[in-house]
Amino acid sequence: MNYEFLQVLWFILIAVLWAGYLTLEGFDFGVGMLLEWLPKNNKERRLALNTIGPHWDGNEVWLLTAGGATFAAFPEWYATMFSGFYLALFVILVFLILRICAIEWRGKISDPAWVARWDWIHTISAWIPSILWGVAFANLVQGMQVEVRESRTWELIPADQVGPETLATAVHVMPGGFAGFFSLLSVFTILGGVVTASLFVTHGAIFLALKTEGDLQRRAMNLAKPAALVTTVVTAVWAIWAQLAYSSQPLSWIPLILTALALVAVVLTTRMEREGWAFIANAVAAIGAVAFIFTAMAPNVMKSAIDPAYSLTLWDASSSEKTLPVMTVVALTLVPVVLVYVAWTYWVFRKRLSVDHIPDENAGLPMAEAVH
């Protein structure tokens, strides 16, 4: 296999993994973001949680796979990104763990205060990562404080001296700690966080409308209508800004236009209360957004806002010529199996749920027994 072809292929495969994560985990986040606002009582909250119950932990595997694939296929991208995004990713990880605890521990004790506390933790733990993912991806488009330093002396290499020879003994670095975290924040990147948050809220509302019956289903559909419109407007502003100000790729207009058409379809299908088509259109919009981000930043994987010469390209960041072919064979063998399994799980749990399926009494021990 041609080495350059494999480098591009794995860049695309990592984009596919992120698209899968944001599309599937997006409605999990959306349901969590709405947990304290849309359901009116404990039974409806349990119903909302039951809609994502069979899927949320499997959907998180897409994140682990995306990180693992980046580490294996583009180790320098992984090292530079995870060091520069360290604090932001640490915050995301903490809230992902809290979200897991909220889902798993909520029903262990039947005390209302215990349940309410974990529901609020779940809601907050869904909002924070949803915003920070958007901030992180917007930075990949905008560019970050990436520079090149000599690995042994840690001296900054002048931009006009960066080349294949210097990169052989140099590393791409970003500022860490609080300085690095706040360097990721700008009006553009914060707007990117608003985009992902609004997209996930819409996705979660449509998913609840698709998976439930009764009053919760109607409220979810009514919420999805204005949410879809807000998402379309916010995404349009951010995407056009990104394309005109930060993208050097004319090809990125293609996923941008496809995403715009998908978002318009979401607005129309929610107005017609066709939640199935609305969910598909919103998923296409999420996939298109990831495609736009990766196309806009290519061939860079870490774009430098200091000087283009400091940017880390996929050609410089990839693994060896022996590693990528082995990874490709493994991926082509196992990925279809995983996709079939994922599709099967969604088919098995395809039916709608209602509050009639929820027992009146909470499961779990009384607080007094749990304490003792």
# chains A, B, ... in the order shown; residues from 1 in each chain; ligands from 1
>>> residues_around(residues="A:Ala159", least_positions_apart="4", cutoff="8 Å", atoms="only C-alpha atoms", output="JSON, numbers by chain")
{"A": [307, 309, 310]}
>>> write_last_selection(atoms="N, CA, C and O atoms", output="compact mmCIF listing (two decimals), in the first residue's frame")
# COMPACT_ATOMS: atom_id res chain seq x y z
N ASP A 307 2.88 30.92 13.45
CA ASP A 307 3.46 30.96 12.11
C ASP A 307 3.08 29.66 11.40
O ASP A 307 3.19 28.59 12.00
N ALA A 309 4.63 27.90 9.45
CA ALA A 309 5.75 26.96 9.41
C ALA A 309 5.78 26.06 10.64
O ALA A 309 6.35 24.97 10.59
N TYR A 310 5.19 26.51 11.74
CA TYR A 310 5.16 25.71 12.96
C TYR A 310 4.02 24.68 12.96
O TYR A 310 3.94 23.87 13.89
>>> closest_atom_pairs(of="stretch 71-171 of chain A", to="stretch 319-331 of chain A", cutoff="12 Å", atoms="only C-alpha atoms", output="Markdown table")
| residue | atom | partner | partner_atom | distance |
| --- | --- | --- | --- | --- |
| A:Phe71 | CA | A:Ser319 | CA | 9.0 |
| A:Ala72 | CA | A:Ser319 | CA | 7.0 |
| A:Ala73 | CA | A:Ser319 | CA | 5.2 |
| A:Phe74 | CA | A:Ser319 | CA | 5.6 |
| A:Pro75 | CA | A:Ser319 | CA | 6.5 |
| A:Glu76 | CA | A:Ser319 | CA | 8.5 |
| A:Trp77 | CA | A:Ser319 | CA | 10.1 |
| A:Tyr78 | CA | A:Ser319 | CA | 11.1 |
>>> write_last_selection(atoms="N, CA, C and O atoms", output="mmCIF file, in the first residue's frame")
data_model
loop_
_atom_site.group_PDB
_atom_site.id
_atom_site.type_symbol
_atom_site.label_atom_id
_atom_site.label_comp_id
_atom_site.auth_asym_id
_atom_site.auth_seq_id
_atom_site.Cartn_x
_atom_site.Cartn_y
_atom_site.Cartn_z
ATOM 1 N N PHE A 71 -3.330 7.951 18.635
ATOM 2 C CA PHE A 71 -2.053 7.578 19.247
ATOM 3 C C PHE A 71 -1.256 6.636 18.352
ATOM 4 O O PHE A 71 -0.034 6.783 18.210
ATOM 5 N N ALA A 72 -1.934 5.673 17.735
ATOM 6 C CA ALA A 72 -1.230 4.676 16.929
ATOM 7 C C ALA A 72 -0.851 5.197 15.549
ATOM 8 O O ALA A 72 0.246 4.915 15.061
ATOM 9 N N ALA A 73 -1.746 5.957 14.916
ATOM 10 C CA ALA A 73 -1.502 6.398 13.541
ATOM 11 C C ALA A 73 -0.727 7.709 13.473
ATOM 12 O O ALA A 73 0.067 7.916 12.548
ATOM 13 N N PHE A 74 -0.951 8.603 14.435
ATOM 14 C CA PHE A 74 -0.308 9.919 14.423
ATOM 15 C C PHE A 74 0.200 10.245 15.824
ATOM 16 O O PHE A 74 -0.372 11.083 16.522
ATOM 17 N N PRO A 75 1.268 9.580 16.267
ATOM 18 C CA PRO A 75 1.721 9.743 17.659
ATOM 19 C C PRO A 75 2.113 11.174 18.018
ATOM 20 O O PRO A 75 1.869 11.614 19.144
ATOM 21 N N GLU A 76 2.708 11.915 17.062
ATOM 22 C CA GLU A 76 3.091 13.290 17.411
ATOM 23 C C GLU A 76 1.866 14.196 17.517
ATOM 24 O O GLU A 76 1.847 15.126 18.311
ATOM 25 N N TRP A 77 0.847 13.938 16.716
ATOM 26 C CA TRP A 77 -0.410 14.674 16.854
ATOM 27 C C TRP A 77 -0.995 14.417 18.236
ATOM 28 O O TRP A 77 -1.404 15.339 18.942
ATOM 29 N N TYR A 78 -1.028 13.152 18.624
ATOM 30 C CA TYR A 78 -1.557 12.770 19.936
ATOM 31 C C TYR A 78 -0.783 13.472 21.053
ATOM 32 O O TYR A 78 -1.377 14.044 21.972
#
>>> select_by_dssp(residues="stretch 179-316 of chain A", states="strand (DSSP E)", output="ChimeraX atom specification")
/A:300-302,312-313
>>> closest_atom_pairs(of="stretch 201-276 of chain A", to="stretch 128-151 of chain A", cutoff="9 Å", atoms="only C-alpha atoms", output="Markdown table")
| residue | atom | partner | partner_atom | distance |
| --- | --- | --- | --- | --- |
| A:Ala242 | CA | A:Val141 | CA | 7.0 |
| A:Ala245 | CA | A:Gln142 | CA | 8.3 |
| A:Tyr246 | CA | A:Gln142 | CA | 5.7 |
| A:Ser247 | CA | A:Val141 | CA | 7.1 |
>>> write_last_selection(atoms="C-alpha atoms", output="mmCIF file, in the first residue's frame")
data_model
loop_
_atom_site.group_PDB
_atom_site.id
_atom_site.type_symbol
_atom_site.label_atom_id
_atom_site.label_comp_id
_atom_site.auth_asym_id
_atom_site.auth_seq_id
_atom_site.Cartn_x
_atom_site.Cartn_y
_atom_site.Cartn_z
ATOM 1 C CA ALA A 242 -14.468 29.527 9.911
ATOM 2 C CA ALA A 245 -11.242 33.463 8.064
ATOM 3 C CA TYR A 246 -9.423 30.214 8.792
ATOM 4 C CA SER A 247 -9.880 27.638 6.042
#
>>> closest_residue(among="A:Asp316, A:Glu4, A:Glu60, A:Glu155", to="A:Gly26", atoms="only C-alpha atoms")
A:Glu60
>>> closest_residue(among="A:Val237, A:Met81, A:Leu223, A:Ala278", to="A:Pro175", atoms="only C-alpha atoms")
A:Met81
>>> closest_residue(among="A:Ala116, A:Val194, A:Val301, A:Ile52", to="A:Phe207", atoms="only C-alpha atoms")
A:Ile52
>>> select_by_dssp(residues="stretch 80-221 of chain A", states="helix (DSSP H, G or I)", output="VMD selection string")
chain A and resid 80 to 84 86 to 108 112 to 142 159 to 161 164 to 167 177 to 183 187 to 211 215 to 221
>>> closest_residue(among="A:Ala298, A:Met174, A:Met33, A:Leu63", to="A:Ser198", atoms="only C-alpha atoms")
A:Met33
>>> closest_atom_pairs(of="stretch 257-336 of chain A", to="stretch 202-206 of chain A", cutoff="9 Å", atoms="only C-alpha atoms", output="JSON lines")
{"residue": "A:Thr270", "atom": "CA", "partner": "A:Ile206", "partner_atom": "CA", "distance": 8.1}
{"residue": "A:Glu275", "atom": "CA", "partner": "A:Ile206", "partner_atom": "CA", "distance": 6.0}
{"residue": "A:Gly276", "atom": "CA", "partner": "A:Ile206", "partner_atom": "CA", "distance": 8.2}
{"residue": "A:Ala278", "atom": "CA", "partner": "A:Ile206", "partner_atom": "CA", "distance": 6.9}
{"residue": "A:Phe279", "atom": "CA", "partner": "A:Ile206", "partner_atom": "CA", "distance": 6.0}
{"residue": "A:Asn282", "atom": "CA", "partner": "A:His203", "partner_atom": "CA", "distance": 6.5}
{"residue": "A:Ala283", "atom": "CA", "partner": "A:His203", "partner_atom": "CA", "distance": 7.7}
>>> closest_residue(among="A:Leu339, A:Ala224, A:Leu229, A:Leu9", to="A:Val201", atoms="only C-alpha atoms")
A:Ala224
>>> residues_around(residues="stretch 341-357 of chain A", least_positions_apart="6", cutoff="10 Å", atoms="only C-alpha atoms", output="PDB file with N, CA, C and O atoms, in the first residue's frame")
ATOM      1  N   LYS A  43     -40.643   9.995  37.364  1.00  0.00           N
ATOM      2  CA  LYS A  43     -40.927   8.911  36.422  1.00  0.00           C
ATOM      3  C   LYS A  43     -40.516   9.305  35.004  1.00  0.00           C
ATOM      4  O   LYS A  43     -39.985   8.477  34.255  1.00  0.00           O
ATOM      5  N   GLU A  44     -40.736  10.557  34.637  1.00  0.00           N
ATOM      6  CA  GLU A  44     -40.341  10.998  33.304  1.00  0.00           C
ATOM      7  C   GLU A  44     -38.822  11.069  33.174  1.00  0.00           C
ATOM      8  O   GLU A  44     -38.279  10.793  32.103  1.00  0.00           O
ATOM      9  N   ARG A  45     -38.153  11.436  34.256  1.00  0.00           N
ATOM     10  CA  ARG A  45     -36.682  11.434  34.207  1.00  0.00           C
ATOM     11  C   ARG A  45     -36.157  10.004  34.054  1.00  0.00           C
ATOM     12  O   ARG A  45     -35.195   9.769  33.317  1.00  0.00           O
ATOM     13  N   ARG A  46     -36.764   9.081  34.759  1.00  0.00           N
ATOM     14  CA  ARG A  46     -36.360   7.675  34.605  1.00  0.00           C
ATOM     15  C   ARG A  46     -36.643   7.188  33.189  1.00  0.00           C
ATOM     16  O   ARG A  46     -35.862   6.427  32.614  1.00  0.00           O
ATOM     17  N   LEU A  47     -37.755   7.642  32.629  1.00  0.00           N
ATOM     18  CA  LEU A  47     -38.070   7.288  31.246  1.00  0.00           C
ATOM     19  C   LEU A  47     -37.014   7.839  30.301  1.00  0.00           C
ATOM     20  O   LEU A  47     -36.538   7.120  29.403  1.00  0.00           O
ATOM     21  N   ALA A  48     -36.628   9.104  30.492  1.00  0.00           N
ATOM     22  CA  ALA A  48     -35.600   9.701  29.637  1.00  0.00           C
ATOM     23  C   ALA A  48     -34.287   8.932  29.736  1.00  0.00           C
ATOM     24  O   ALA A  48     -33.622   8.664  28.725  1.00  0.00           O
ATOM     25  N   ASN A  50     -33.943   5.820  30.547  1.00  0.00           N
ATOM     26  CA  ASN A  50     -34.100   4.500  29.936  1.00  0.00           C
ATOM     27  C   ASN A  50     -33.932   4.532  28.422  1.00  0.00           C
ATOM     28  O   ASN A  50     -33.562   3.523  27.820  1.00  0.00           O
ATOM     29  N   THR A  51     -34.213   5.676  27.791  1.00  0.00           N
ATOM     30  CA  THR A  51     -34.047   5.752  26.337  1.00  0.00           C
ATOM     31  C   THR A  51     -32.583   5.650  25.931  1.00  0.00           C
ATOM     32  O   THR A  51     -32.270   5.126  24.862  1.00  0.00           O
ATOM     33  N   ILE A  52     -31.686   6.159  26.775  1.00  0.00           N
ATOM     34  CA  ILE A  52     -30.257   6.080  26.449  1.00  0.00           C
ATOM     35  C   ILE A  52     -29.562   4.930  27.171  1.00  0.00           C
ATOM     36  O   ILE A  52     -28.389   4.648  26.908  1.00  0.00           O
ATOM     37  N   GLY A  53     -30.292   4.263  28.077  1.00  0.00           N
ATOM     38  CA  GLY A  53     -29.685   3.207  28.890  1.00  0.00           C
ATOM     39  C   GLY A  53     -28.953   2.128  28.125  1.00  0.00           C
ATOM     40  O   GLY A  53     -27.828   1.742  28.498  1.00  0.00           O
ATOM     41  N   PRO A  54     -29.512   1.610  27.011  1.00  0.00           N
ATOM     42  CA  PRO A  54     -28.812   0.535  26.292  1.00  0.00           C
ATOM     43  C   PRO A  54     -27.628   1.015  25.450  1.00  0.00           C
ATOM     44  O   PRO A  54     -26.899   0.187  24.914  1.00  0.00           O
ATOM     45  N   HIS A  55     -27.461   2.342  25.312  1.00  0.00           N
ATOM     46  CA  HIS A  55     -26.523   2.838  24.303  1.00  0.00           C
ATOM     47  C   HIS A  55     -25.366   3.676  24.839  1.00  0.00           C
ATOM     48  O   HIS A  55     -24.302   3.704  24.224  1.00  0.00           O
ATOM     49  N   GLY A  58     -21.794   2.170  25.290  1.00  0.00           N
ATOM     50  CA  GLY A  58     -21.216   1.760  24.012  1.00  0.00           C
ATOM     51  C   GLY A  58     -20.823   2.950  23.158  1.00  0.00           C
ATOM     52  O   GLY A  58     -19.807   2.912  22.441  1.00  0.00           O
ATOM     53  N   ASN A  59     -21.602   4.029  23.241  1.00  0.00           N
ATOM     54  CA  ASN A  59     -21.279   5.226  22.460  1.00  0.00           C
ATOM     55  C   ASN A  59     -19.969   5.864  22.911  1.00  0.00           C
ATOM     56  O   ASN A  59     -19.256   6.491  22.107  1.00  0.00           O
ATOM     57  N   LEU A 208     -35.542  11.990  22.180  1.00  0.00           N
ATOM     58  CA  LEU A 208     -36.618  11.741  23.137  1.00  0.00           C
ATOM     59  C   LEU A 208     -37.971  11.697  22.434  1.00  0.00           C
ATOM     60  O   LEU A 208     -38.831  10.879  22.774  1.00  0.00           O
ATOM     61  N   ALA A 209     -38.164  12.568  21.447  1.00  0.00           N
ATOM     62  CA  ALA A 209     -39.413  12.536  20.684  1.00  0.00           C
ATOM     63  C   ALA A 209     -39.543  11.245  19.886  1.00  0.00           C
ATOM     64  O   ALA A 209     -40.646  10.746  19.669  1.00  0.00           O
ATOM     65  N   LEU A 210     -38.404  10.706  19.454  1.00  0.00           N
ATOM     66  CA  LEU A 210     -38.401   9.479  18.669  1.00  0.00           C
ATOM     67  C   LEU A 210     -38.609   8.243  19.534  1.00  0.00           C
ATOM     68  O   LEU A 210     -39.204   7.259  19.080  1.00  0.00           O
ATOM     69  N   LYS A 211     -38.161   8.288  20.786  1.00  0.00           N
ATOM     70  CA  LYS A 211     -38.121   7.088  21.613  1.00  0.00           C
ATOM     71  C   LYS A 211     -39.190   7.028  22.692  1.00  0.00           C
ATOM     72  O   LYS A 211     -39.269   6.028  23.413  1.00  0.00           O
ATOM     73  N   THR A 212     -40.001   8.074  22.852  1.00  0.00           N
ATOM     74  CA  THR A 212     -40.983   8.073  23.926  1.00  0.00           C
ATOM     75  C   THR A 212     -42.390   8.289  23.383  1.00  0.00           C
ATOM     76  O   THR A 212     -42.583   8.626  22.208  1.00  0.00           O
ATOM     77  N   GLU A 213     -43.354   8.102  24.269  1.00  0.00           N
ATOM     78  CA  GLU A 213     -44.758   8.338  23.951  1.00  0.00           C
ATOM     79  C   GLU A 213     -45.361   9.255  25.018  1.00  0.00           C
ATOM     80  O   GLU A 213     -44.821   9.389  26.117  1.00  0.00           O
ATOM     81  N   GLY A 214     -46.487   9.882  24.694  1.00  0.00           N
ATOM     82  CA  GLY A 214     -47.215  10.651  25.688  1.00  0.00           C
ATOM     83  C   GLY A 214     -46.734  12.081  25.822  1.00  0.00           C
ATOM     84  O   GLY A 214     -46.203  12.685  24.887  1.00  0.00           O
ATOM     85  N   ASP A 215     -46.905  12.633  27.025  1.00  0.00           N
ATOM     86  CA  ASP A 215     -46.617  14.044  27.263  1.00  0.00           C
ATOM     87  C   ASP A 215     -45.150  14.379  27.044  1.00  0.00           C
ATOM     88  O   ASP A 215     -44.822  15.439  26.495  1.00  0.00           O
ATOM     89  N   LEU A 216     -44.245  13.514  27.486  1.00  0.00           N
ATOM     90  CA  LEU A 216     -42.824  13.787  27.310  1.00  0.00           C
ATOM     91  C   LEU A 216     -42.472  13.856  25.829  1.00  0.00           C
ATOM     92  O   LEU A 216     -41.684  14.709  25.412  1.00  0.00           O
ATOM     93  N   GLN A 217     -43.043  12.986  25.041  1.00  0.00           N
ATOM     94  CA  GLN A 217     -42.789  12.993  23.599  1.00  0.00           C
ATOM     95  C   GLN A 217     -43.245  14.310  22.978  1.00  0.00           C
ATOM     96  O   GLN A 217     -42.536  14.913  22.168  1.00  0.00           O
ATOM     97  N   VAL A 335     -13.570  -3.316  11.953  1.00  0.00           N
ATOM     98  CA  VAL A 335     -14.548  -2.215  11.940  1.00  0.00           C
ATOM     99  C   VAL A 335     -15.904  -2.651  11.405  1.00  0.00           C
ATOM    100  O   VAL A 335     -16.944  -2.308  11.987  1.00  0.00           O
TER     101      VAL A 335
END
